[in-house]
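I have placed the structure first, in the form of structure tokens, so that the comments after it can refer back to it.
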Amino acid sequence: MFWTVLYHDKMRALLLGRPSLLQENNYSTSIPEVTDARWVEDGEPMILTPDHLASLEAFTANCHLVQIVDK
């Protein structure tokens, strides 16, 4: 959730030409990786489909984009 909020804050700041509300020195949350997805459904580990994996990879790519935009 944090990285979603951070992504939207950085992109909105970039598009509007305003400073970001969240600065890099104010948080220490590491970038999520695809291997961090441990979803459970009905007590059993959920098997991720190729679409789920692609979605997770896109999300982590956006998280890395935040670091680029922040520079």
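Residues are referred to by chain and number: the chain letter is A, B, ... according to the order shown in the structure tokens, the number counts from 1 in that chain, and ligands are numbered separately from 1 in the order shown.
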
Expected answer as a ChimeraX atom specification: helix (DSSP H, G or I) residues in region 4-63 of chain A: /A:4-16,24-26,34-36,50-63

Dump of N, CA, C and O atoms for the selected residues, as a short mmCIF file (atom, residue, chain, number, x, y, z; two decimals), in the first residue's frame:
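The resulting result-v8.cif:
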```
data_model
loop_
_atom_site.label_atom_id
_atom_site.label_comp_id
_atom_site.auth_asym_id
_atom_site.auth_seq_id
_atom_site.Cartn_x
_atom_site.Cartn_y
_atom_site.Cartn_z
N THR A 4 2.22 2.21 -3.40
CA THR A 4 1.17 2.74 -4.28
C THR A 4 0.95 4.22 -4.00
O THR A 4 0.87 5.05 -4.92
N VAL A 5 0.86 4.56 -2.72
CA VAL A 5 0.69 5.97 -2.34
C VAL A 5 1.90 6.79 -2.77
O VAL A 5 1.77 7.89 -3.32
N LEU A 6 3.09 6.25 -2.53
CA LEU A 6 4.31 6.97 -2.89
C LEU A 6 4.39 7.19 -4.40
O LEU A 6 4.73 8.28 -4.86
N TYR A 7 4.05 6.16 -5.16
CA TYR A 7 4.06 6.28 -6.63
C TYR A 7 3.13 7.40 -7.09
O TYR A 7 3.51 8.24 -7.89
N HIS A 8 1.92 7.43 -6.56
CA HIS A 8 0.97 8.46 -6.97
C HIS A 8 1.41 9.85 -6.52
O HIS A 8 1.23 10.82 -7.26
N ASP A 9 2.01 9.95 -5.36
CA ASP A 9 2.53 11.24 -4.90
C ASP A 9 3.63 11.75 -5.83
O ASP A 9 3.61 12.91 -6.24
N LYS A 10 4.56 10.89 -6.18
CA LYS A 10 5.68 11.31 -7.04
C LYS A 10 5.22 11.66 -8.45
O LYS A 10 5.67 12.64 -9.04
N MET A 11 4.31 10.85 -9.01
CA MET A 11 3.84 11.12 -10.37
C MET A 11 3.01 12.41 -10.42
O MET A 11 3.14 13.20 -11.34
N ARG A 12 2.18 12.61 -9.42
CA ARG A 12 1.37 13.84 -9.39
C ARG A 12 2.27 15.06 -9.24
O ARG A 12 2.06 16.07 -9.89
N ALA A 13 3.28 14.96 -8.39
CA ALA A 13 4.21 16.08 -8.22
C ALA A 13 4.94 16.36 -9.53
O ALA A 13 5.12 17.52 -9.91
N LEU A 14 5.35 15.31 -10.23
CA LEU A 14 6.05 15.49 -11.50
C LEU A 14 5.14 16.14 -12.53
O LEU A 14 5.54 17.09 -13.22
N LEU A 15 3.91 15.66 -12.65
CA LEU A 15 2.98 16.20 -13.65
C LEU A 15 2.54 17.63 -13.36
O LEU A 15 2.32 18.42 -14.28
N LEU A 16 2.41 17.97 -12.08
CA LEU A 16 1.95 19.31 -11.71
C LEU A 16 3.10 20.29 -11.49
O LEU A 16 2.87 21.48 -11.28
N GLU A 24 12.52 11.14 0.33
CA GLU A 24 13.23 9.87 0.48
C GLU A 24 13.80 9.65 1.87
O GLU A 24 13.84 8.53 2.37
N ASN A 25 14.24 10.71 2.52
CA ASN A 25 14.84 10.55 3.86
C ASN A 25 13.79 10.39 4.96
O ASN A 25 14.12 10.24 6.12
N ASN A 26 12.50 10.38 4.60
CA ASN A 26 11.43 10.23 5.58
C ASN A 26 10.82 8.84 5.63
O ASN A 26 9.85 8.62 6.35
N VAL A 34 8.73 -9.44 -6.52
CA VAL A 34 7.73 -10.45 -6.89
C VAL A 34 7.75 -11.62 -5.91
O VAL A 34 6.70 -12.17 -5.56
N THR A 35 8.92 -11.96 -5.41
CA THR A 35 9.03 -13.08 -4.48
C THR A 35 8.39 -12.79 -3.12
O THR A 35 8.19 -13.69 -2.33
N ASP A 36 8.05 -11.52 -2.86
CA ASP A 36 7.39 -11.16 -1.60
C ASP A 36 5.91 -11.53 -1.60
O ASP A 36 5.28 -11.52 -0.55
N PRO A 50 0.21 -16.48 -14.90
CA PRO A 50 1.10 -15.57 -15.62
C PRO A 50 0.62 -14.12 -15.60
O PRO A 50 1.43 -13.19 -15.54
N ASP A 51 -0.71 -13.91 -15.61
CA ASP A 51 -1.23 -12.54 -15.52
C ASP A 51 -0.93 -11.91 -14.17
O ASP A 51 -0.60 -10.73 -14.09
N HIS A 52 -1.06 -12.70 -13.10
CA HIS A 52 -0.72 -12.18 -11.77
C HIS A 52 0.76 -11.81 -11.70
O HIS A 52 1.13 -10.76 -11.16
N LEU A 53 1.60 -12.69 -12.22
CA LEU A 53 3.04 -12.42 -12.20
C LEU A 53 3.38 -11.17 -13.00
O LEU A 53 4.19 -10.35 -12.57
N ALA A 54 2.76 -11.01 -14.17
CA ALA A 54 3.01 -9.82 -14.99
C ALA A 54 2.57 -8.55 -14.25
O ALA A 54 3.25 -7.52 -14.31
N SER A 55 1.45 -8.64 -13.55
CA SER A 55 0.97 -7.50 -12.78
C SER A 55 1.93 -7.14 -11.66
O SER A 55 2.23 -5.96 -11.42
N LEU A 56 2.43 -8.15 -10.96
CA LEU A 56 3.40 -7.91 -9.89
C LEU A 56 4.70 -7.33 -10.43
O LEU A 56 5.29 -6.43 -9.82
N GLU A 57 5.14 -7.82 -11.58
CA GLU A 57 6.37 -7.28 -12.19
C GLU A 57 6.18 -5.83 -12.60
O GLU A 57 7.08 -5.00 -12.43
N ALA A 58 5.01 -5.49 -13.12
CA ALA A 58 4.73 -4.11 -13.49
C ALA A 58 4.70 -3.21 -12.26
O ALA A 58 5.21 -2.08 -12.28
N PHE A 59 4.13 -3.71 -11.18
CA PHE A 59 4.07 -2.94 -9.94
C PHE A 59 5.48 -2.66 -9.41
O PHE A 59 5.79 -1.54 -9.03
N THR A 60 6.32 -3.69 -9.38
CA THR A 60 7.68 -3.48 -8.88
C THR A 60 8.47 -2.56 -9.80
O THR A 60 9.30 -1.78 -9.33
N ALA A 61 8.20 -2.62 -11.10
CA ALA A 61 8.86 -1.69 -12.03
C ALA A 61 8.44 -0.26 -11.73
O ALA A 61 9.28 0.66 -11.77
N ASN A 62 7.17 -0.04 -11.41
CA ASN A 62 6.71 1.30 -11.02
C ASN A 62 7.39 1.77 -9.74
O ASN A 62 7.70 2.95 -9.60
N CYS A 63 7.62 0.85 -8.83
CA CYS A 63 8.32 1.21 -7.58
C CYS A 63 9.75 1.67 -7.89
O CYS A 63 10.24 2.64 -7.29
#
```

Exercise: Lys71 (chain A) partners within 12 Å, only C-alpha atoms, chain neighbours under 3 positions left out, as an NGL selection string: :A and (10 or 14 or 20 or 23-24 or 64-68)

Two-atom distance - CA of Ile47 (chain A), CA of Ile31 (chain A) (Å):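 Separation of CA of Ile47 (chain A) and CA of Ile31 (chain A): 22.3 Å.
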
Sel. of strand (DSSP E) residues, chain A, as a PDB file with all heavy atoms, in the first residue's frame:
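Okay, out_28.pdb is ready:
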```pdb
ATOM      1  N   VAL A  40      -2.487 -16.432   0.211  1.00  0.00           N
ATOM      2  CA  VAL A  40      -3.126 -17.665   0.679  1.00  0.00           C
ATOM      3  C   VAL A  40      -4.619 -17.550   0.418  1.00  0.00           C
ATOM      4  O   VAL A  40      -5.230 -16.515   0.669  1.00  0.00           O
ATOM      5  CB  VAL A  40      -2.859 -17.878   2.187  1.00  0.00           C
ATOM      6  CG1 VAL A  40      -3.591 -19.091   2.698  1.00  0.00           C
ATOM      7  CG2 VAL A  40      -1.370 -17.984   2.449  1.00  0.00           C
ATOM      8  N   GLU A  41      -5.186 -18.618  -0.108  1.00  0.00           N
ATOM      9  CA  GLU A  41      -6.625 -18.662  -0.377  1.00  0.00           C
ATOM     10  C   GLU A  41      -7.181 -19.929   0.254  1.00  0.00           C
ATOM     11  O   GLU A  41      -6.737 -21.028  -0.074  1.00  0.00           O
ATOM     12  CB  GLU A  41      -6.859 -18.651  -1.891  1.00  0.00           C
ATOM     13  CG  GLU A  41      -8.303 -18.537  -2.294  1.00  0.00           C
ATOM     14  CD  GLU A  41      -8.448 -18.426  -3.794  1.00  0.00           C
ATOM     15  OE1 GLU A  41      -8.089 -17.371  -4.343  1.00  0.00           O
ATOM     16  OE2 GLU A  41      -8.888 -19.408  -4.402  1.00  0.00           O
ATOM     17  N   GLU A  44      -4.689 -22.394   1.738  1.00  0.00           N
ATOM     18  CA  GLU A  44      -3.710 -22.992   0.822  1.00  0.00           C
ATOM     19  C   GLU A  44      -2.958 -21.892   0.075  1.00  0.00           C
ATOM     20  O   GLU A  44      -3.544 -20.865  -0.284  1.00  0.00           O
ATOM     21  CB  GLU A  44      -4.418 -23.889  -0.202  1.00  0.00           C
ATOM     22  CG  GLU A  44      -5.100 -25.097   0.407  1.00  0.00           C
ATOM     23  CD  GLU A  44      -4.104 -26.096   0.949  1.00  0.00           C
ATOM     24  OE1 GLU A  44      -3.050 -26.292   0.315  1.00  0.00           O
ATOM     25  OE2 GLU A  44      -4.375 -26.671   2.015  1.00  0.00           O
ATOM     26  N   PRO A  45      -1.664 -22.090  -0.168  1.00  0.00           N
ATOM     27  CA  PRO A  45      -0.931 -21.102  -0.967  1.00  0.00           C
ATOM     28  C   PRO A  45      -1.547 -20.977  -2.359  1.00  0.00           C
ATOM     29  O   PRO A  45      -1.898 -21.970  -2.986  1.00  0.00           O
ATOM     30  CB  PRO A  45       0.481 -21.684  -1.060  1.00  0.00           C
ATOM     31  CG  PRO A  45       0.562 -22.694   0.021  1.00  0.00           C
ATOM     32  CD  PRO A  45      -0.826 -23.180   0.274  1.00  0.00           C
TER      33      PRO A  45
END
```
